[in-house]
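Trainee: I'd like to ask you about the structure that follows.
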Amino acid sequence: MWKLARRPKWIALLILALTVAGVFAAMGQWQLERAAEEAIVVERDTETPTPLVDLAEPQQVMTSDASGRIVTVDGSWVEGDELVMTGRQTLTEVNGSREGDWVVRHLRTADGASLAVAVGVLPEGASIPNLDQGPATLTGRYVPSEAPQTSNFEAGERNAIAVADLVNVWPEPGPIYSGYLVLSEAPDGFGTIPAPPPVIEGQLNLLNVFYAIEWVLFGGFAIYLWWRLLRDEYEKQLADEEEADSEAEEQDATRAPEPQPAALN
């Protein structure tokens, strides 16, 4: 078979198969590079204080650029709209994780929109200290709303800062931001709620990886197809030779014997 493979026809077909396989391999490499590029983490500045109005709008879905950013906002506290979120897990440097109560206030921004503000954490069951009223200029981390389903309303508990819930709790919410603010520094009498920078992780695009594997398989199939065609040609030649030998044997078997000369007395 390898003697047959050294013929010009099959050498040319092999070169063609290798070329096709090389193109497919290059396509697979390109797909892998695309997957790697999409997995690269794009660094963004989340720690420079930026006015909230430059990043988000009331009644709009929070963008990825606004999520986790340190923002500044001006407004006035709405008296009587304070809420206590119970059973909140708060990380502390000394004792690790512990449960406490978060106090959430209602800020009316300068443009008349509502913003939920997590002002600080208290020991579980502690009373709320005196709160400042009137105008306020705040700095904190703007984070996404939580799901209201995590609160046990039947037991009279509220432990999720859910904007969808606050709309129904505050008497006059008006336009409301889709996220809430965690103050960078809690007021007197409160513990500061930890709000670390967001962790941005790159993730491979599995679809591109799948396409890369497909191209590699296609390249391997091109080589296999050449080998399969060569094998079929070789087997066809063997079959033709066997058939020719069989016909020759049949002809020899049916050939009449030559007459023998008569013996002389």
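Each chain in the structure tokens gets a letter, A, B and so on, in the order shown; residues start at 1 in every chain, and ligands are counted from 1 in the order they appear.
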Could you give me, as number ranges by chain, each residue of segment 72-125 of chain A that DSSP assigns to strand (DSSP E or B) when run on this structure's backbone?

Mentor: A: 72-77, 83-92, 96-109, 114-123

Trainee: Leaving out segment 231-234 of chain A and any residue of its chain fewer than 6 positions from it, which residues lie within 12 Å of it when counting only C-alpha atoms, given as a list in words?

Mentor: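 Close residues of segment 231-234 of chain A: Met1, Trp2, Lys3, Leu4, Ala5, Lys9, Trp10, Tyr224, Leu225, Asp240 and Glu241 of chain A.
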
Trainee: Quick one: contact table of segment 141-223 of chain A to segment 110-119 of chain A, 9 Å max, nearest atom pair and distance in Å to one decimal per residue, counting only C-alpha atoms, chain and number order, as JSON lines?

Mentor:
```
{"residue": "A:Ile161", "atom": "CA", "partner": "A:Ala116", "partner_atom": "CA", "distance": 8.2}
{"residue": "A:Val163", "atom": "CA", "partner": "A:Ala116", "partner_atom": "CA", "distance": 7.6}
{"residue": "A:Leu166", "atom": "CA", "partner": "A:Ala116", "partner_atom": "CA", "distance": 8.2}
{"residue": "A:Glu172", "atom": "CA", "partner": "A:Ser114", "partner_atom": "CA", "distance": 9.0}
{"residue": "A:Pro173", "atom": "CA", "partner": "A:Ser114", "partner_atom": "CA", "distance": 5.9}
{"residue": "A:Gly174", "atom": "CA", "partner": "A:Ala113", "partner_atom": "CA", "distance": 6.3}
{"residue": "A:Pro175", "atom": "CA", "partner": "A:Ala113", "partner_atom": "CA", "distance": 4.9}
{"residue": "A:Ile176", "atom": "CA", "partner": "A:Ser114", "partner_atom": "CA", "distance": 4.5}
{"residue": "A:Tyr177", "atom": "CA", "partner": "A:Leu115", "partner_atom": "CA", "distance": 5.6}
{"residue": "A:Ser178", "atom": "CA", "partner": "A:Leu115", "partner_atom": "CA", "distance": 8.3}
{"residue": "A:Gly179", "atom": "CA", "partner": "A:Ala116", "partner_atom": "CA", "distance": 7.5}
{"residue": "A:Tyr180", "atom": "CA", "partner": "A:Ala116", "partner_atom": "CA", "distance": 4.9}
{"residue": "A:Leu181", "atom": "CA", "partner": "A:Val117", "partner_atom": "CA", "distance": 4.6}
{"residue": "A:Val182", "atom": "CA", "partner": "A:Ala118", "partner_atom": "CA", "distance": 4.8}
{"residue": "A:Leu183", "atom": "CA", "partner": "A:Val119", "partner_atom": "CA", "distance": 5.5}
{"residue": "A:Ser184", "atom": "CA", "partner": "A:Val119", "partner_atom": "CA", "distance": 8.7}
{"residue": "A:Glu185", "atom": "CA", "partner": "A:Val119", "partner_atom": "CA", "distance": 8.1}
{"residue": "A:Ala186", "atom": "CA", "partner": "A:Val119", "partner_atom": "CA", "distance": 5.7}
{"residue": "A:Pro187", "atom": "CA", "partner": "A:Val119", "partner_atom": "CA", "distance": 7.2}
{"residue": "A:Phe190", "atom": "CA", "partner": "A:Val119", "partner_atom": "CA", "distance": 7.9}
{"residue": "A:Gly191", "atom": "CA", "partner": "A:Val119", "partner_atom": "CA", "distance": 8.8}
{"residue": "A:Thr192", "atom": "CA", "partner": "A:Val119", "partner_atom": "CA", "distance": 7.7}
{"residue": "A:Ile193", "atom": "CA", "partner": "A:Val119", "partner_atom": "CA", "distance": 7.7}
```

Trainee: Using only C-alpha atoms, find each residue in segment 148-217 of chain A having at least one atom no more than 7 Å away from segment 79-93 of chain A; report its shortest atom-to-atom pair and that distance in Å (one decimal), rows by chain then rising number, as a tab-separated table.

Mentor:
```
residue	atom	partner	partner_atom	distance
A:Glu157	CA	A:Thr86	CA	6.8
A:Arg158	CA	A:Met85	CA	5.2
A:Asn159	CA	A:Met85	CA	4.3
A:Ala160	CA	A:Met85	CA	6.5
A:Trp170	CA	A:Asp81	CA	6.2
A:Pro194	CA	A:Leu91	CA	6.8
```

Trainee: Could you tell me which of A:Pro197, A:Pro135, A:Gly189, A:Gly68 comes closest to Val103 of chain A if we count only C-alpha atoms?

Mentor: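 Ranking A:Pro197, A:Pro135, A:Gly189, A:Gly68 by distance to Val103 of chain A, first place goes to A:Gly189.
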
Trainee: From segment 72-193 of chain A, collect each residue whose DSSP state is helix (DSSP H, G or I) and return the set as a list in words.

Mentor: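 Residues of segment 72-193 of chain A classed as helix (DSSP H, G or I): Pro148, Gln149, Thr150, Phe153, Glu154, Ala155, Val163, Ala164, Asp165, Leu166, Val167, Asn168 and Val169 of chain A.
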
Trainee: Take the residues from that selection and put them in a file with N, CA and C atoms, as an mmCIF file, in the first residue's frame.

Mentor:
```cif
data_model
loop_
_atom_site.group_PDB
_atom_site.id
_atom_site.type_symbol
_atom_site.label_atom_id
_atom_site.label_comp_id
_atom_site.auth_asym_id
_atom_site.auth_seq_id
_atom_site.Cartn_x
_atom_site.Cartn_y
_atom_site.Cartn_z
ATOM 1 N N PRO A 148 -36.242 40.124 46.806
ATOM 2 C CA PRO A 148 -37.128 40.211 47.977
ATOM 3 C C PRO A 148 -37.544 38.855 48.525
ATOM 4 N N GLN A 149 -37.394 37.780 47.738
ATOM 5 C CA GLN A 149 -37.847 36.468 48.198
ATOM 6 C C GLN A 149 -37.066 35.957 49.393
ATOM 7 N N THR A 150 -35.901 36.552 49.674
ATOM 8 C CA THR A 150 -35.102 36.056 50.790
ATOM 9 C C THR A 150 -35.635 36.531 52.144
ATOM 10 N N PHE A 153 -41.490 37.592 55.253
ATOM 11 C CA PHE A 153 -42.473 38.605 55.599
ATOM 12 C C PHE A 153 -43.526 38.067 56.558
ATOM 13 N N GLU A 154 -43.859 36.770 56.470
ATOM 14 C CA GLU A 154 -44.876 36.196 57.339
ATOM 15 C C GLU A 154 -44.447 36.245 58.803
ATOM 16 N N ALA A 155 -43.160 36.161 59.059
ATOM 17 C CA ALA A 155 -42.656 36.228 60.431
ATOM 18 C C ALA A 155 -42.329 37.663 60.847
ATOM 19 N N VAL A 163 -35.118 46.678 46.092
ATOM 20 C CA VAL A 163 -35.761 47.896 45.607
ATOM 21 C C VAL A 163 -37.219 47.625 45.266
ATOM 22 N N ALA A 164 -37.514 46.445 44.727
ATOM 23 C CA ALA A 164 -38.892 46.102 44.386
ATOM 24 C C ALA A 164 -39.786 46.091 45.627
ATOM 25 N N ASP A 165 -39.215 45.785 46.765
ATOM 26 C CA ASP A 165 -39.972 45.791 48.015
ATOM 27 C C ASP A 165 -40.097 47.212 48.568
ATOM 28 N N LEU A 166 -39.039 47.995 48.464
ATOM 29 C CA LEU A 166 -39.049 49.347 49.008
ATOM 30 C C LEU A 166 -40.070 50.233 48.314
ATOM 31 N N VAL A 167 -40.307 49.992 47.037
ATOM 32 C CA VAL A 167 -41.309 50.773 46.311
ATOM 33 C C VAL A 167 -42.670 50.655 46.973
ATOM 34 N N ASN A 168 -42.966 49.485 47.523
ATOM 35 C CA ASN A 168 -44.259 49.263 48.162
ATOM 36 C C ASN A 168 -44.268 49.673 49.632
ATOM 37 N N VAL A 169 -43.095 49.848 50.231
ATOM 38 C CA VAL A 169 -43.009 50.179 51.651
ATOM 39 C C VAL A 169 -42.972 51.690 51.875
#
```
